[in-house]
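Shown next: final.pdb, given as PDB, C-alpha atoms.
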```pdb
MODEL        1
ATOM      1  CA  MET A 165      32.366  -3.425  25.678  1.00  0.00           C
ATOM      2  CA  LEU A 166      29.083  -3.162  27.610  1.00  0.00           C
ATOM      3  CA  ASN A 167      29.381   0.611  27.836  1.00  0.00           C
ATOM      4  CA  GLU A 168      29.983   0.974  24.096  1.00  0.00           C
ATOM      5  CA  ASN A 169      27.140  -1.408  23.247  1.00  0.00           C
ATOM      6  CA  ILE A 170      24.653   0.486  25.414  1.00  0.00           C
ATOM      7  CA  LYS A 171      25.641   3.785  23.801  1.00  0.00           C
ATOM      8  CA  ILE A 172      25.592   2.499  20.211  1.00  0.00           C
ATOM      9  CA  ILE A 173      22.291   0.644  20.581  1.00  0.00           C
ATOM     10  CA  ARG A 174      20.657   3.571  22.402  1.00  0.00           C
ATOM     11  CA  LYS A 175      21.650   5.930  19.600  1.00  0.00           C
ATOM     12  CA  SER A 176      20.556   3.485  16.902  1.00  0.00           C
ATOM     13  CA  LYS A 177      17.107   3.367  18.551  1.00  0.00           C
ATOM     14  CA  GLY A 178      17.021   7.177  18.467  1.00  0.00           C
ATOM     15  CA  LEU A 179      16.923   7.561  22.251  1.00  0.00           C
ATOM     16  CA  SER A 180      18.684  10.235  24.246  1.00  0.00           C
ATOM     17  CA  GLN A 181      20.260   9.417  27.607  1.00  0.00           C
ATOM     18  CA  GLN A 182      17.350  11.188  29.295  1.00  0.00           C
ATOM     19  CA  GLU A 183      14.716   9.183  27.373  1.00  0.00           C
ATOM     20  CA  LEU A 184      16.444   5.902  28.194  1.00  0.00           C
ATOM     21  CA  ALA A 185      16.756   6.956  31.836  1.00  0.00           C
ATOM     22  CA  VAL A 186      13.008   7.695  32.027  1.00  0.00           C
ATOM     23  CA  LYS A 187      12.172   4.290  30.547  1.00  0.00           C
ATOM     24  CA  LEU A 188      14.473   2.554  33.045  1.00  0.00           C
ATOM     25  CA  ASN A 189      13.394   4.686  36.029  1.00  0.00           C
ATOM     26  CA  VAL A 190      16.914   5.949  36.701  1.00  0.00           C
ATOM     27  CA  VAL A 191      18.566   9.365  36.424  1.00  0.00           C
ATOM     28  CA  ARG A 192      20.361  10.486  33.269  1.00  0.00           C
ATOM     29  CA  GLN A 193      23.702  10.545  35.086  1.00  0.00           C
ATOM     30  CA  THR A 194      23.406   6.794  35.663  1.00  0.00           C
ATOM     31  CA  ILE A 195      23.128   6.204  31.911  1.00  0.00           C
ATOM     32  CA  SER A 196      26.098   8.505  31.377  1.00  0.00           C
ATOM     33  CA  LYS A 197      28.194   6.548  33.905  1.00  0.00           C
ATOM     34  CA  TRP A 198      27.297   3.245  32.223  1.00  0.00           C
ATOM     35  CA  GLU A 199      28.243   4.601  28.800  1.00  0.00           C
ATOM     36  CA  LYS A 200      31.547   6.023  30.093  1.00  0.00           C
ATOM     37  CA  GLY A 201      32.375   2.732  31.791  1.00  0.00           C
ATOM     38  CA  LEU A 202      32.465   4.320  35.259  1.00  0.00           C
ATOM     39  CA  SER A 203      29.827   1.903  36.576  1.00  0.00           C
ATOM     40  CA  VAL A 204      27.992  -1.220  35.480  1.00  0.00           C
ATOM     41  CA  PRO A 205      24.271  -2.003  35.736  1.00  0.00           C
ATOM     42  CA  ASP A 206      23.252  -4.932  37.939  1.00  0.00           C
ATOM     43  CA  SER A 207      21.685  -8.087  36.469  1.00  0.00           C
ATOM     44  CA  ASP A 208      18.090  -6.924  36.940  1.00  0.00           C
ATOM     45  CA  MET A 209      18.895  -3.628  35.261  1.00  0.00           C
ATOM     46  CA  LEU A 210      20.598  -5.463  32.367  1.00  0.00           C
ATOM     47  CA  ILE A 211      17.357  -7.343  31.771  1.00  0.00           C
ATOM     48  CA  SER A 212      15.408  -4.059  31.873  1.00  0.00           C
ATOM     49  CA  ILE A 213      17.861  -2.437  29.447  1.00  0.00           C
ATOM     50  CA  SER A 214      17.561  -5.368  27.042  1.00  0.00           C
ATOM     51  CA  LYS A 215      13.747  -5.102  27.123  1.00  0.00           C
ATOM     52  CA  VAL A 216      13.749  -1.341  26.550  1.00  0.00           C
ATOM     53  CA  LEU A 217      16.319  -1.527  23.747  1.00  0.00           C
ATOM     54  CA  GLU A 218      14.648  -4.681  22.363  1.00  0.00           C
ATOM     55  CA  ILE A 219      17.842  -6.719  22.189  1.00  0.00           C
ATOM     56  CA  PRO A 220      19.018  -9.833  24.030  1.00  0.00           C
ATOM     57  CA  VAL A 221      21.225  -9.439  27.104  1.00  0.00           C
ATOM     58  CA  SER A 222      23.891 -11.516  25.362  1.00  0.00           C
ATOM     59  CA  THR A 223      24.199  -8.794  22.723  1.00  0.00           C
ATOM     60  CA  LEU A 224      24.687  -6.184  25.429  1.00  0.00           C
ATOM     61  CA  LEU A 225      27.409  -8.280  27.057  1.00  0.00           C
ATOM     62  CA  GLY A 226      28.846  -9.722  23.850  1.00  0.00           C
ATOM     63  CA  GLU A 227      31.068  -8.308  21.187  1.00  0.00           C
ATOM     64  CA  THR A 228      31.129  -4.675  20.241  1.00  0.00           C
ATOM     65  CA  VAL A 229      28.137  -3.651  18.167  1.00  0.00           C
ATOM     66  CA  ALA A 230      29.176  -2.019  14.926  1.00  0.00           C
ATOM     67  CA  GLU A 231      27.901   1.485  14.331  1.00  0.00           C
ATOM     68  CA  ILE A 232      25.992   2.148  11.152  1.00  0.00           C
ATOM     69  CA  LYS A 233      28.469   3.663   8.753  1.00  0.00           C
ATOM     70  CA  VAL A 234      27.786   6.341   6.179  1.00  0.00           C
ATOM     71  CA  ASP A 235      28.282   3.779   3.403  1.00  0.00           C
ATOM     72  CA  ASP A 236      25.618   1.562   4.992  1.00  0.00           C
ATOM     73  CA  LEU A 237      23.221   4.497   5.158  1.00  0.00           C
ATOM     74  CA  LYS A 238      23.913   5.318   1.536  1.00  0.00           C
ATOM     75  CA  ALA A 239      23.244   1.718   0.497  1.00  0.00           C
ATOM     76  CA  ILE A 240      20.018   1.674   2.489  1.00  0.00           C
ATOM     77  CA  SER A 241      18.884   4.975   0.970  1.00  0.00           C
ATOM     78  CA  GLU A 242      19.647   3.669  -2.539  1.00  0.00           C
ATOM     79  CA  LYS A 243      17.587   0.536  -1.861  1.00  0.00           C
ATOM     80  CA  LEU A 244      14.716   2.661  -0.552  1.00  0.00           C
ATOM     81  CA  GLU A 245      14.922   4.843  -3.642  1.00  0.00           C
ATOM     82  CA  VAL A 246      14.668   1.776  -5.884  1.00  0.00           C
ATOM     83  CA  ILE A 247      11.674   0.506  -3.900  1.00  0.00           C
ATOM     84  CA  ASN A 248       9.972   3.914  -4.155  1.00  0.00           C
ATOM     85  CA  LEU A 249      10.529   3.979  -7.913  1.00  0.00           C
ATOM     86  CA  GLN A 250       9.081   0.473  -8.240  1.00  0.00           C
ATOM     87  CA  LEU A 251       6.015   1.456  -6.209  1.00  0.00           C
ATOM     88  CA  ALA A 252       5.533   4.578  -8.319  1.00  0.00           C
ATOM     89  CA  GLN A 253       5.809   2.532 -11.524  1.00  0.00           C
ATOM     90  CA  LYS A 254       3.320   0.012 -10.162  1.00  0.00           C
ATOM     91  CA  LYS A 255       0.882   2.827  -9.371  1.00  0.00           C
ATOM     92  CA  VAL A 256       1.240   4.272 -12.884  1.00  0.00           C
ATOM     93  CA  THR A 257       0.724   0.836 -14.447  1.00  0.00           C
ATOM     94  CA  ARG A 258      -2.365   0.189 -12.323  1.00  0.00           C
ATOM     95  CA  ARG A 259      -3.804   3.589 -13.292  1.00  0.00           C
ATOM     96  CA  LYS A 260      -3.184   2.891 -17.008  1.00  0.00           C
ATOM     97  CA  ILE A 261      -4.880  -0.516 -16.737  1.00  0.00           C
ATOM     98  CA  ILE A 262      -7.918   0.979 -15.010  1.00  0.00           C
ATOM     99  CA  GLN A 263      -8.139   3.830 -17.504  1.00  0.00           C
ATOM    100  CA  GLY A 264      -7.772   1.447 -20.466  1.00  0.00           C
ATOM    101  CA  SER A 265     -10.492  -0.811 -19.066  1.00  0.00           C
ATOM    102  CA  LEU A 266     -12.833   2.154 -18.648  1.00  0.00           C
ATOM    103  CA  ILE A 267     -12.167   3.322 -22.212  1.00  0.00           C
ATOM    104  CA  ILE A 268     -12.888  -0.178 -23.541  1.00  0.00           C
ATOM    105  CA  LEU A 269     -16.094  -0.293 -21.462  1.00  0.00           C
ATOM    106  CA  CYS A 270     -17.233   3.025 -22.977  1.00  0.00           C
ATOM    107  CA  ALA A 271     -16.437   1.782 -26.489  1.00  0.00           C
ATOM    108  CA  VAL A 272     -18.354  -1.466 -25.927  1.00  0.00           C
ATOM    109  CA  ILE A 273     -21.401   0.435 -24.645  1.00  0.00           C
ATOM    110  CA  VAL A 274     -21.351   2.755 -27.664  1.00  0.00           C
ATOM    111  CA  ILE A 275     -20.951  -0.175 -30.101  1.00  0.00           C
ATOM    112  CA  ILE A 276     -23.806  -2.131 -28.532  1.00  0.00           C
ATOM    113  CA  SER A 277     -26.015   0.983 -28.585  1.00  0.00           C
ATOM    114  CA  VAL A 278     -25.299   1.513 -32.285  1.00  0.00           C
ATOM    115  CA  ILE A 279     -26.034  -2.151 -33.040  1.00  0.00           C
ATOM    116  CA  LEU A 280     -29.330  -1.978 -31.130  1.00  0.00           C
ATOM    117  CA  ASN A 281     -30.348   1.159 -33.067  1.00  0.00           C
ATOM    118  CA  VAL A 282     -29.429  -0.340 -36.436  1.00  0.00           C
ATOM    119  CA  VAL A 283     -31.101  -3.686 -35.792  1.00  0.00           C
ATOM    120  CA  ASN A 284     -34.210  -1.955 -34.348  1.00  0.00           C
ATOM    121  CA  SER A 285     -35.362  -4.857 -32.131  1.00  0.00           C
ATOM    122  CA  PRO A 286     -36.196  -7.483 -34.808  1.00  0.00           C
ATOM    123  CA  TYR A 287     -37.515  -9.920 -32.198  1.00  0.00           C
ATOM    124  CA  LEU A 288     -40.632  -7.754 -31.821  1.00  0.00           C
ATOM    125  CA  ASN A 289     -41.851  -9.091 -35.203  1.00  0.00           C
ATOM    126  CA  TRP A 290     -41.263 -12.752 -34.369  1.00  0.00           C
ATOM    127  CA  ASN A 291     -44.050 -15.334 -34.161  1.00  0.00           C
ATOM    128  CA  TYR A 292     -44.402 -16.016 -30.438  1.00  0.00           C
ATOM    129  CA  ASN A 293     -46.661 -19.077 -30.914  1.00  0.00           C
ATOM    130  CA  ASP A 294     -43.566 -21.278 -30.904  1.00  0.00           C
ATOM    131  CA  PRO A 295     -42.432 -21.713 -27.237  1.00  0.00           C
ATOM    132  CA  GLU A 296     -38.714 -21.662 -28.097  1.00  0.00           C
ATOM    133  CA  THR A 297     -39.053 -18.453 -30.096  1.00  0.00           C
ATOM    134  CA  ALA A 298     -41.132 -16.915 -27.288  1.00  0.00           C
ATOM    135  CA  VAL A 299     -38.480 -17.697 -24.646  1.00  0.00           C
ATOM    136  CA  LEU A 300     -35.699 -16.418 -26.882  1.00  0.00           C
ATOM    137  CA  GLY A 301     -37.655 -13.227 -27.727  1.00  0.00           C
ATOM    138  CA  VAL A 302     -38.410 -12.534 -24.062  1.00  0.00           C
ATOM    139  CA  GLY A 303     -34.723 -13.095 -23.210  1.00  0.00           C
ATOM    140  CA  PHE A 304     -33.621 -10.632 -25.917  1.00  0.00           C
ATOM    141  CA  HIS A 305     -36.201  -8.117 -24.752  1.00  0.00           C
ATOM    142  CA  ALA A 306     -35.061  -8.437 -21.120  1.00  0.00           C
ATOM    143  CA  LEU A 307     -31.390  -7.954 -22.081  1.00  0.00           C
ATOM    144  CA  GLU A 308     -32.186  -4.939 -24.246  1.00  0.00           C
ATOM    145  CA  TRP A 309     -34.420  -3.424 -21.553  1.00  0.00           C
ATOM    146  CA  LEU A 310     -31.717  -3.897 -18.916  1.00  0.00           C
ATOM    147  CA  PHE A 311     -29.006  -2.545 -21.227  1.00  0.00           C
ATOM    148  CA  VAL A 312     -30.992   0.559 -22.187  1.00  0.00           C
ATOM    149  CA  ARG A 313     -31.511   1.416 -18.515  1.00  0.00           C
ATOM    150  CA  LEU A 314     -28.052   0.566 -17.159  1.00  0.00           C
ATOM    151  CA  ALA A 315     -25.807   1.580 -20.081  1.00  0.00           C
ATOM    152  CA  PRO A 316     -26.157   5.369 -19.571  1.00  0.00           C
ATOM    153  CA  ILE A 317     -25.294   5.050 -15.879  1.00  0.00           C
ATOM    154  CA  ILE A 318     -22.295   2.828 -16.619  1.00  0.00           C
ATOM    155  CA  LEU A 319     -21.188   5.114 -19.462  1.00  0.00           C
ATOM    156  CA  ILE A 320     -21.307   8.185 -17.209  1.00  0.00           C
ATOM    157  CA  GLY A 321     -19.465   6.307 -14.434  1.00  0.00           C
ATOM    158  CA  ALA A 322     -16.775   5.108 -16.842  1.00  0.00           C
ATOM    159  CA  SER A 323     -16.378   8.623 -18.284  1.00  0.00           C
ATOM    160  CA  VAL A 324     -15.964  10.069 -14.793  1.00  0.00           C
ATOM    161  CA  GLY A 325     -13.479   7.282 -14.006  1.00  0.00           C
ATOM    162  CA  ILE A 326     -11.454   8.133 -17.122  1.00  0.00           C
ATOM    163  CA  PHE A 327     -11.412  11.776 -16.048  1.00  0.00           C
ATOM    164  CA  PHE A 328     -10.173  10.952 -12.550  1.00  0.00           C
ATOM    165  CA  THR A 329      -7.506   8.461 -13.678  1.00  0.00           C
ATOM    166  CA  ARG A 330      -5.948  10.766 -16.270  1.00  0.00           C
ATOM    167  CA  LYS A 331      -2.378  11.856 -15.698  1.00  0.00           C
ATOM    168  CA  LYS A 332      -2.243  15.220 -13.996  1.00  0.00           C
ATOM    169  CA  MET A 333       0.544  17.516 -15.146  1.00  0.00           C
TER     170      MET A 333
ENDMDL
END
```
Take the structure I supplied and represent it as structure tokens, if you would.
Amino acid sequence: MLNENIKIIRKSKGLSQQELAVKLNVVRQTISKWEKGLSVPDSDMLISISKVLEIPVSTLLGETVAEIKVDDLKAISEKLEVINLQLAQKKVTRRKIIQGSLIILCAVIVIISVILNVVNSPYLNWNYNDPETAVLGVGFHALEWLFVRLAPIILIGASVGIFFTRKKM
């Protein structure tokens, strides 16, 4: 039982007899003897083996550890395939959302620019003697000034973003 468990767990961890021997500071032949059942490690060595193989000593001494079967590997690979497909779909969805948002941002900038050109800053003709009208006019002027300076930069950035998020074939 112990010999089979050491061999199965060592292989499941992807270790050769030599690699396990180096980690335990013993020779490879010692590992071979343990796995063939020709000798048994002492209690201190059992603790070292359990630490290296990252399993409890009771598992080493307990029942036989089942080897991973081909069917288990196939089931695991199918689950991984499903997870990969879900991640790919999530990436595509995220890219479409970002690209759609950038397209909407470009459209909004163009619409606001057209509106500002058509309206031609009517607040410039307002009577600024009234304090409320003056505050409102200054607010409109500040928004328009900020928009006129930032909109081209944002439009170029959004256009570049659309270009980089397009689907490559």
- request: Step by step, work through what the PyMOL selection byres ((chain A and resi 184) around 12) selects in the shown file, and finish by giving those residues as a ChimeraX atom specification.
  value: /A:170-171,173-175,177-183,185-196,198-199,212-217
Sorted by chain and rising residue number, list the residues of range 204-277 of chain A at most 10 Å from range 320-325 of chain A (counting all atoms listed in the file), each with its closest atom pair and distance in Å to one decimal, as CSV.
```
residue,atom,partner,partner_atom,distance
A:Ile262,CA,A:Gly325,CA,8.5
A:Gln263,CA,A:Gly325,CA,7.3
A:Ser265,CA,A:Ala322,CA,8.9
A:Leu266,CA,A:Ala322,CA,5.2
A:Ile267,CA,A:Ala322,CA,7.3
A:Ile268,CA,A:Ala322,CA,9.4
A:Leu269,CA,A:Ala322,CA,7.1
A:Cys270,CA,A:Ala322,CA,6.5
```
Output for the residues just chosen: C-alpha atoms as a CSV table (one decimal), in the frame of the given file:
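Dumped everything to part_2.csv:
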```
chain,number,residue,atom,x,y,z
A,262,ILE,CA,-7.9,1.0,-15.0
A,263,GLN,CA,-8.1,3.8,-17.5
A,265,SER,CA,-10.5,-0.8,-19.1
A,266,LEU,CA,-12.8,2.2,-18.6
A,267,ILE,CA,-12.2,3.3,-22.2
A,268,ILE,CA,-12.9,-0.2,-23.5
A,269,LEU,CA,-16.1,-0.3,-21.5
A,270,CYS,CA,-17.2,3.0,-23.0
```
What separates CA of Lys255 in chain A and CA of Ile326 in chain A is a distance of 15.5 Å
Between CA of Ala306 in chain A and CA of Asn291 in chain A, distance in Å (one decimal)
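Distance between the two atoms: 17.3 Å.
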- Nearest-residue call for Trp309 in chain A, choices A:Lys197, A:Ser277, A:Leu166, A:Asp294, using only C-alpha atoms: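 For Trp309 in chain A, the nearest of the given residues is A:Ser277.
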